[in-house]
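Visitor: The following block contains the structure, expressed as structure tokens.
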Amino acid sequence: KGVELLKRRRFQLDAPLAAQDAAILTEAVGAMMGVKAVEIEGGNTVAITYDLIQATAEQLEAMMAEVGATLGAGWAERLRRGFVHYTEECEVGNLEVHHGHG
């Protein structure tokens, strides 16, 4: 319908990526539907701009894991990611209610 809900999220990795691994991750995540930009910051932070209508943080995390990037495992980082997943579910649910009925 031409509706976009752009998000920019930063994902902390357990360890910095080698240049080759960073290129693989950038290409794989960048090819996902809805992803607008992927940037590696300081080697161990991945900043991704994406359309929440087409992709979620959870899907982005799954793709990063698939190409071998290990996300931060500390409790604070896991809690932050869980909160992001929850808020995105709520946002998408709200969009479905507002755009689905009417």
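Chain lettering (A, B, ...) mirrors the order of the structure tokens, residue numbering begins at 1 for each chain separately, and ligand numbering begins at 1 in order of display.
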Excluding same-chain residues fewer than 6 positions from stretch 44-54 of chain A, what lies within 7 Å of it counting only C-alpha atoms, as a count of residues only?

Guide: 19

Visitor: Per DSSP on the backbone, filter chain A down to the residues in strand (DSSP E or B) and report them as a list of chain:residue names.

Guide: A:Leu6, A:Lys7, A:Arg8, A:Arg9, A:Arg10, A:Phe11, A:Gln12, A:Leu13, A:Val35, A:Lys36, A:Ala37, A:Val38, A:Glu39, A:Ile40, A:Glu41, A:Thr45, A:Val46, A:Ala47, A:Ile48, A:Thr49, A:Tyr50, A:Asp51, A:Leu71

Visitor: Could you pull out the alpha helix (DSSP H) residues of chain A, going by DSSP on the backbone, and write them as number ranges by chain?

Guide: A: 19-30, 57-66, 75-100

Visitor: Would you list the contacts of A:Ala69 as a PyMOL selection string, taking every protein, DNA or RNA residue within 9 Å and counting only C-alpha atoms, but skipping same-chain residues closer than 4 positions in sequence?

Guide: chain A and resi 13-15+17+21-22+25+61+63-65
